[in-house]
Structure formats: C-alpha cells, structure tokens
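Asker: Got a structure for you, questions after.
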Amino acid sequence: MQNRIIGQVKRVNGPVVIASGITDARMMELVYIGDIGLVGEIIKLEEGNATVQVYEDTTGIAPMDNVYGSRGPLSVELGPGLIGSIYDGIQRPLEDLRAMSGDFIARGQKALPISHQKLWSFKPTATLGQEAGPGSVIGNVAENDNVIHYVMVPPKSKGGHITFIETAGDYNVDHVLGRITTENGEEEITMCQKWPIRTPRPSKRRLALNVPLVTGQRVIDTLFPLAKGGTVAIPGGFGTGKTMTQHAIASWCDADIIVYIGCGERGNEMTEVLREFPKIIDPRNGHSLMERTILIANTSNMPVSAREASIYTGITIAEYYRDMGYHIAIMADSTSRWAEALRELSGRMEEMPAEEGFPAYLPTRIAEFYERAGMMENLNGTSGSVSVIGAVSPPGGDFSEPVTQHTKRFVRCFWGLDKSLASARHYPAISWLDSYSEYVNDVRSWWDKKSNGSWSKDTQTIMELLQKEVKLQQVVKLVGADALPDSQNFILEVCRMFKIAFLQQNAFDDMDKYCKVGRQVKMLRIIIRYHELGTEAIKGNVTLVKIRRLKVVQDIARMRGIEDLDKLELRLEHSMKQLGELYE
Amino acid sequence: MNELDRKKLSAREYRGLSRIDGSLVFMKNTHPVGYNELVELIDPDGNHRIGQVLDTSDTAVCVQVFEGTSGLDLPDTKLHFMSEPITLPVSERMLGRVMDGLGNMRDGIAPPRADKYCDINGSPINPTSREYPRDFIQTGISVIDGLTTLIQGQKLPIFSGNGLPHNELAAQIARQAKVRGGDGDFCIVFVAMGIKYDVARYFIDSFESSGVLDKVALFLSLADDPSIERLITPKSGLTLAEHLAFDLGKQVLVIMTDMTNYCEALREVSTLRGEIPSRKGYPGYLYSNLAELYERSGKIMGRPGSITQLPILTMPNDDITHPIPDLTGYITEGQIVFDRELHSKGVYPPISSLPSLSRLMKDGIGTGMTRDDHPHLANQLFASYSHVKDVRNLASVIGEEELTELDHRYMEFGDFFERQFINQVSNEDRSIEETLDLGWKALSLLPAEELQRLTDDEIAEHYIEGDRN
C-alpha cells in the first residue's frame, strides 16, 4: 500500500502540506505522508505540486519526507459490524485505536473499520441463474438482534446472472458469497463494500416526503414536524440545548438506524452517548439504543481536517443502510465546526475569503451535504430515507452569520433555539416564533389520520393564540396584566399553560422524556378544550381568577406527569360546566 | 530523508537569520526541519531562548520565539533545530514551586529531577477511554453548588469583566473545594497569563494563608513578560496536570487566568503571519486552539485522577458575544457568568444565575449524590427568578405600587434570592444542605401553586408554610 512514492514534501503549514515532484497522482487521492504514514487527501494539483489536506497532526513532518499514493479516493468500508461502533472522522475505530495506543490517540495508527475475522451467519436469498443488478440483495446476515444486514451487489456493478451463491453458514466479510457474470466478466460479491465518502450513493429516484419522523418531542412533532428524508437545522448559541435536543431525538425518534456525528464538539458528550445508549432500552422493540446507533466522534481537539471529512463519512454510512430499505436519521453536531474546518483549511491554502473568512464555496458544500438527504427508491426497488438533523452554532447566538444563513437556504425546517427560554430553563428551548417547518403540509394527512382530523385544526388554533400572545405581551409590558380584560388575559393564561404543560419537556423524567403520538394529540386537545370552554365561561361572566383556581386547571399544568388524560379531559368538561352553571 | 537522519542533523548550528518580525524569525537554507519542532536560539549575548517551528518549507523556516525577539540580530543569532517536539520535564516535586511559562524555575532554586519528559502539546484523549464525570464538588458557594454545580473533571470557566471579583471567587473555590466522602489527593496547578504581579501575589497569599501552597504548582507569565510566552504557559501547566492526574492519580484543579490575554497573544502571532482573520481579527483556528487546551480535562477509565479546569476570562466590554467568551462557551461544559449590576448592588459572588450553566450538573446531583429534591429545586429557582426579571421590568414602567399581590411576592422572592441565597461572605463555606434549605426558604416566599416544577411530595416535605401572614 505504501510502496508507491508519488512525491516529496515541500512545505508544511498546519494540516496543509504541499508536495512537489508529483507525476501520477489524482485529485482527491488518498495519500500517506512520511515514514509515520499520516493519512491525507490531495485537494489541489498544480504543475508538479500537490496540496494535501492531512487528517492527523503534522508535527515532525519535514520537507523531503516521502509522500505515498494509494490510487483510490478516501473511502469508507461498509459491511456488518458498523452498528454499535464508534469511529473517528475518517472511520478509524476508536476502540481499536485504544487497544493499540492507549488512552491518548497516537498518530499514524491504522486499523480496519470493521472486523475481517468475525464470522457472520449468512443466509442466501438469491438463487442460481437469477438476474442481479446493482443493489440487488443476494442474502442477509443478522448484524445484531435489531438489524438485519442485507448483502447487496455493489452499486457500480454492471449486473448479470448469478453463477455462484454460497450456502448458508458462518463467513467473514472477505469471503466470496456470490458471483455474477456480467458483460465485463465475473464479479465477486462479499459482505464488504468500499465507497468514496464525497460521492453520493446512487438511487433510482426521489420519493415524496409525507411521513413524519416522529421524535417524541412535542414541540417538534406537533408544531414543527420533520418528514422522513427531510432536513432540519437547529441553530442556537451555547447553552441553549442543541446537544440535548440532538440526544433526545437520537434516543427516541422512530428511525431504524441513527448515525450520530460529533463534529468538533466536546469529548465528554460523545462519552455520554457511548455510556448511556447501551443502557437505554428502546420502548418500541425492547433493544438497547446502541443496537441501532453508529457514532462518529471527531471531538474539538482532534485534527481539524478529519472534522471536515467526518460528516461525509457519516452520511455515506447512512446511505448504505438506506440502500437496504431502512430509515436513517443523522445527527450532525455541529455543522458550524465543520464549516470552520473548511475555513481553516481554506485560510491555510491562502484562498481568497468571502464572508467572515469563510471560503466562497461554503454554500455549495452545505447544499451538497443536505441534498444527500431524502426519501429514495433504491436501485433494488426498496425505499429508504436519510433525514439530516444539523446543529448550527452561530457565533454570539446571532442567526445572521453565514453558516446559519446559508444552511437556512438548503433546509426546509428550522428549529431556532432561544437564549431567553434556555435561561428560564424552558427546555427544549425551541422558539415558537422563529422556527418553521415546510413539512407541515406534507405530513398533515398522516397526523390527521392519527387524530381523527383534530391535528390540523388544533395546531392552527394554538399557533394563532401564540401570535396573539406576543401582541398582548407588548401591551402588558407597558400597562401591566391587570389592565387587560379577562378575555384577553385568558389568552395569556392558555399560552402560559401551553408552554408549561405542553412545550416544555423534561428529558430526564422517565414519563416525560418521550411522548407518544396519541398522547401528544390528546394533550393538545385538552389545552384547546381549556381555551374553548374558558372563553365561553368568561363570556358568561365567570372571572378568570375562578377558572385558575379550579383543581383541574392546576392538574392540567402538571399533566405531563398524569397517566390518564381521558379522565383529565372529562374532569375539565365537568368542572367548567359546573362553574358555568354557578354563574347562570 | 528519514527521522533518524534528521536527528543527526540537529547537531548542526545555523547562524544568520534572514528576517526578524515581531516574535517571529525566519531562516533560509537549512536542512529539512520538522513542523512544530523545538528550536533553541542563542542570542548574541549567549543567552538561550526557546522557539517552535510554525512553517517549514524547502526554502525557509519560520520560528516563533517564546521569550520574544528583542536583542536578537540578523548575523549573529545561532539556531539549533532539535528534531523533537517541545517537552516539559514533569515531576511531583514541582508542586510548591513557582515557574515561568516554559517551566523554568522562577524561585532561583535548582529544578527538581524530572519523572519524565512530556510533549507539551499532549494528545487527544480517546473518547472511548473517557469516564463520564459525575462526582459532585462542594465549593461551599450556594449559587454554584445549588444552581451551577461543579463536577470533578469538568471544565467550567468564569466569564468576568474588569474590576469584578473573579480572583476572589477562584481563590475561594480553590480553598473550599472538596469531594464529598473522601477528598483524595488534591492539588492545584495555577496558570497565570499576562496578569499583574499583585494579582499573582494575591493568589499566592491566599494559598499560603490556607496552608495549601505546597500543593500548588504556579506557572507565571506576568504582564511584563513577553506576550508570546503566554501561548505556551497553559500548555506547560496542563502537561504537568496530566502527569499529576493520570500518572500519579491526583485530583487536580487547574486555574487559568486570564484566557483573554492568551487569545490576544494568539491574535498577535496570527496577524504577524498575515493570516486571514475571522471575527475581530482573531484567527479562524481560535476555536480549535482553545479546544486543545480545554479538552485536556476530565477523567479516564481505570485511572483514579481527574483534571478539573477553572479558566477565568474577562469579557472585553462585558460582551458575552465577543469571540473569546463565545468560543469558550461552545467548548466548555457550562459557564459561570458575572454580572456588574449585582456587583454594584454589593452582592458577592456577583454571579448572574440565569446565563450561568453547568452541563454536567444533571448527572452529579439528586438522589445519592446531593439530595433528592436538588434537581427540581434548582429548576424551580431558575424559573421563578427568571420571572422576577419580567416583574422588575414591569415595575420600572408602571411603578411598584401598581403590581399585583402575586408580583409583589415575586419581587420579595427576588430580593431574598439575591441578598440571602447568592450573597455570602468570601470565607463562608456552606454545606449543600444549607444551600438547598436556603433555596426552599426563598421559594417559600411564593405561593405553593406557583411552584410547578416541584412535585407535591417535595412541596409537602420542604415548603415552609405560614411564615407570612
């Protein structure tokens, strides 16, 4: 692998190395630098010089060191064993690196992403003579109790007839499980494929997005839903709960597989996911969350160029599972750190900057990344989706900065986190005024089916009330709440109740951390009923003070912890009726 | 050319610089020199200085000189390229000693024999090796213990402003910090970057008066030392801290003050090199650079020690959105934010509880760690105090007399919270129970129906009824 010398180092400037004497290198080729063999990628070729972006710390690299070529682009290895693993930005398994170099990551370590020794129990599903094209499934292995891993013909195959298929049994990932005869000769199929991270895996066509990705987080599912295959940005200053929101979604959303990319974030956060997820049991299937999760950890103190690669590594793995017909959700935390990595590399290459030092190609790169999301009909006829949930960390919490602005252009859903909500410990601190979702209309029929048609109406009503509240709050700020009539004060009261009982959600409370679809619909219904009945009562001269004192109203405020919501709704109807009668 | 050959060439001495610019020197026509490696300079007077390779190519090498370049000349300055990264000799016996930013003894006594030599840049801790921190550190300061709990292995910065008592607070934390149920082998690494001599003196006196000075290693790069030395000072301190914590199993508290000076030195070098700036002239890699410092904290599985970081930074113009506090907040696990208004009200410590946050708090408090009611109580205090801010704004518009009865009670709660709960004397050491009881006393000023973040049981157990008519 390292015997083809393609040139020598000419200059070292941080993670950017310029090599000279280059004759037969290719653009985006994976190279190794020096005797220690640091991994890098050629990002520019010019008259015998190549600019290499190095994925490891370049300390000690000197001019005249050799540069070795690999002939191929930077690729990920795809096969059974990915799930439950933790990788760095260029898919080196961190557990193996730990075994090799101890608690601190050493440079120049090489480890195979998936085990080539482990035996998997293969079950053939294709038959001899059958036609097999790109993506065709020839058999499967159980990757764990939760995920069936389909063995597919690689996407670049020419397609042809199956001339050999291995019998059921235990094999490693290199074992030839099938052969197909194509016009170009024979192709061998194993459990393992390679795919360059910067190229999207092909699919047949895009499908409409009309099924929501249910996250169990009320403010998201009810007000700003994300569709399966959709894209969303979560921007927020530090301390507003981006990572908490990402963790909650990674834990509870109804995707089949989660790819969690810690891109330039805290080491302890990745450790938390790594330690907690195996312990959390998914209520839907009884398996631990780690059995559907792949972690990519390139923490803030790990090399900056590997951070740039990490999100591509993540999305390529996601696309691979999509090809099997699964629904995947990717958490990218945070895309701002990725953009900053681009900026740093661009600066080192002395490129002309555009806004705030970011390179002019930033929006193109952001668009390319988010466009890899989608609900697809795969080459093999199955359909699967990749949903991207990207955190954005705007400097100073200012959403007008380039990364937030450009991201907004390419995502259709926006969950803006609000600093003042976070300081009042209103979590998730998703602002109902800044956020939007363009998927509301796409998923409307799904939700209305689940709620007997109440969802569209109720969400519409509550959004209107929240808008009215903003206007009323401006008045209250000037004259005090006492100056408003009870009918208007009641709007404030309903909104307050909605925020306390519905929008806030405690990620650490066993009952509240995940809210089922039916329960969300019911809770919203109760708030809306409270509004309707209360407004009516106030018209009948009942005072607001009397309404607020009702025991049932105080219970609504705490309904997140109440199991039987049907009973609560009945009690509400009953108490309000009684109150109304008193005043007749 | 391989590393071994280069090592042999490191014995070569070069003479004659091509350029000196600020803290950078340039030399042409050298043998191939490794990036980031150590350089020894000998100035015309024969004094040794330390430098680091910032850029290397087949034609020229750019070296950053940590002791500054004053007194260097072009023809007679001599250079050795050492072909190794910068290392620090570390030893347990550095505790109780005063050093400069490069780890040289400042107290005139011979340096202790090194246990080993460590690369000052360190290596990232493998995330799979980390142990998630969850041991509560009691600082004896109510607003920290109760609302922004410090956890062993956490990095929790203090965002302060000029003239605010951040030094007093840091010294108080250093004096009072203890882990409940066994305090372990505790020591402090104190890193000073560009602070005045009297501030350093204040810390030394404070350590001395509480009798811990022999457990403190001080790395001082003071205001009159070359600014470039500040770039290496925290790395030296953290390298020793890693040795103490992960090799010797000590519980290390690292106090770094003032991070703003560090960032400014970084900007200085970046500007000199003509790099493309991002915000306010700071280099684009400020985030990664700070992360390389802050991430050198935490705990490692199977090793008893820990590194807890308490960086102090003064926000320029009290602006929390300034790049330095902003990027720090994105890396650290929370922040303690000072508020000038509280300070002028005479409240000590003037910690603004709403923007302050401890991310690791959730796993370090509650049943079995502090007290069962702690999580909900903290949550309720935050929620109620944030409402106080709204009520105060309203009162300033319509006048206090016009407020409703409930709003009056909020005003009362707010005053009690600031004057009794937050406020304490700088040598007062409150236990966590005292802190939590005080929190309940504050909340008891509000009607029980307002306390929606607490459960009925908690209210029944702790709420103090009828201490008002």
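All residue names refer to the structure tokens as shown: chains lettered A, B, ... in order, residues numbered from 1 in each chain, ligands numbered from 1 in order.
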Based on the backbone DSSP call, show me all residues of segment 141-311 of chain A assigned helix (DSSP H, G or I), as a VMD selection string.
Answerer: chain A and resid 218 to 223 242 to 252 267 to 276 289 to 292 304 to 311
Asker: Using only C-alpha atoms, determine which residues lie at most 8 Å from Tyr294 of chain B, disregarding the query and same-chain residues fewer than 6 positions distant; provide the list as a list in words.
Answerer: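 The filter keeps Lys155, Gln309, Ile331 and Thr332 of chain B.
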Asker: From the set B:Pro304, B:Gly140, B:Pro111, B:Pro124, which residue has the shortest atom-to-atom contact distance to Leu169 of chain B, counting only C-alpha atoms?
Answerer: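 For Leu169 of chain B, the nearest of the candidates is B:Gly140.
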Asker: Please identify every residue of chain A that has at least one atom no more than 7 Å from any atom of chain B, counting only C-alpha atoms, and report them as number ranges by chain.
Answerer: A: 10-13, 58-65, 94-95, 98, 103-106, 238-239, 265-268, 270-272, 300-302, 343-344, 347, 356-357, 395-396, 423-425, 477-480
Asker: Using only C-alpha atoms for the distances, tell me which of B:Glu264, B:Glu401, B:Asp5, B:Glu434 is nearest to Ile228 of chain B.
Answerer: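 Selected residue with least distance to Ile228 of chain B: B:Glu264.
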Asker: Got a sec: who's within 6 Å of segment 16-28 of chain B, counting only C-alpha atoms, leaving out chain neighbours fewer than 6 positions off, as a list in words?
Answerer: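 After dropping sequence-adjacent residues, the list is Thr59, Ala60, Val61, Cys62, Val63, Gln64, Val65, Gly68, Thr69, Leu74, Pro75, Asp76 and Thr77 of chain B.
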Asker: Could you write out that same residue set with C-alpha atoms as a PDB file, in the first residue's frame?
Answerer:
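Generated file (out-v6.pdb):
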```
ATOM      1  CA  THR B  59      13.465  27.173   1.178  1.00  0.00           C
ATOM      2  CA  ALA B  60      12.755  28.797   4.551  1.00  0.00           C
ATOM      3  CA  VAL B  61      11.711  28.094   8.119  1.00  0.00           C
ATOM      4  CA  CYS B  62       9.582  30.360  10.288  1.00  0.00           C
ATOM      5  CA  VAL B  63      10.189  30.146  14.051  1.00  0.00           C
ATOM      6  CA  GLN B  64       8.138  31.638  16.852  1.00  0.00           C
ATOM      7  CA  VAL B  65      10.327  32.688  19.787  1.00  0.00           C
ATOM      8  CA  GLY B  68      10.447  37.460  22.483  1.00  0.00           C
ATOM      9  CA  THR B  69      12.901  38.649  19.865  1.00  0.00           C
ATOM     10  CA  LEU B  74      20.364  39.017  11.928  1.00  0.00           C
ATOM     11  CA  PRO B  75      24.007  37.952  11.528  1.00  0.00           C
ATOM     12  CA  ASP B  76      24.947  36.584  14.959  1.00  0.00           C
ATOM     13  CA  THR B  77      21.892  34.739  16.269  1.00  0.00           C
TER      14      THR B  77
END
```
Asker: Near Leu238 of chain B, within 9 Å and counting only C-alpha atoms, which residues show up once chain neighbours fewer than 3 positions away are dropped, as number ranges by chain?
Answerer: B: 120, 122, 189, 191, 233-235, 241-243, 254, 293, 296-297, 307
Asker: What lies within 6 Å of segment 114-125 of chain A using only C-alpha atoms, ignoring chain neighbours under 6 positions off, as a PyMOL selection string?
Answerer: chain A and resi 81+138-141+168-173
Asker: Tell me which of B:Ile188, B:Ser70, B:Gly364, B:Met259 sits closest to Pro226 of chain B, counting only C-alpha atoms.
Answerer: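 Going through B:Ile188, B:Ser70, B:Gly364, B:Met259 one by one, the smallest distance to Pro226 of chain B is for B:Ser70.
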Asker: Taking the backbone alone, and naming residues the way the document does, which bits of segment 38-166 of chain B are strand (DSSP E or B) by DSSP, as a count of residues only?
Answerer: 53
Asker: Do you have the atom CA of Leu472 of chain A-atom CA of Trp432 of chain A distance handy?
Answerer: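 These two atoms are separated by 15.9 Å.
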Asker: With only C-alpha atoms as the counted atoms, please give the residues lying no more than 7 Å from Ala227 of chain A, apart from itself and same-chain residues fewer than 2 positions off, as a ChimeraX atom specification.
Answerer: /A:209-213,225,229-230,439,443
Asker: Please determine, counting only C-alpha atoms, which residue among B:Ser10, B:Thr271, B:Asn29, B:Asn427 has the shortest atom-to-atom distance to Phe81 of chain B.
Answerer: B:Ser10
Asker: Pick out the residues sitting within 12 Å of Asn146 of chain A, and hand them over as a ChimeraX atom specification; count only C-alpha atoms, and ignore anything fewer than 5 positions along from it in its own chain.
Answerer: /A:83-84,141,256-257,281-282,284-293
Asker: Using only C-alpha atoms for the distances, tell me which of A:Arg92, A:Arg71, A:Arg444, A:Lys228 is nearest to Thr215 of chain A.
Answerer: A:Lys228
Asker: Nearest residue to Gly397 of chain A out of A:Gly135, A:Gly7, A:Pro353, A:Gly236, using only C-alpha atoms?
Answerer: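 Between A:Gly135, A:Gly7, A:Pro353, A:Gly236, the residue approaching Gly397 of chain A most closely is A:Gly236.
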Asker: In Å to one decimal, how far is atom CA of Leu223 of chain A from atom CA of Ala255 of chain A?
Answerer: 19.5 Å
Asker: To one decimal in Å, tell me the separation between atom CA of Lys156 of chain A and atom CA of Glu29 of chain A.
Answerer: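 For atom CA of Lys156 of chain A relative to atom CA of Glu29 of chain A, the distance reads 18.9 Å.
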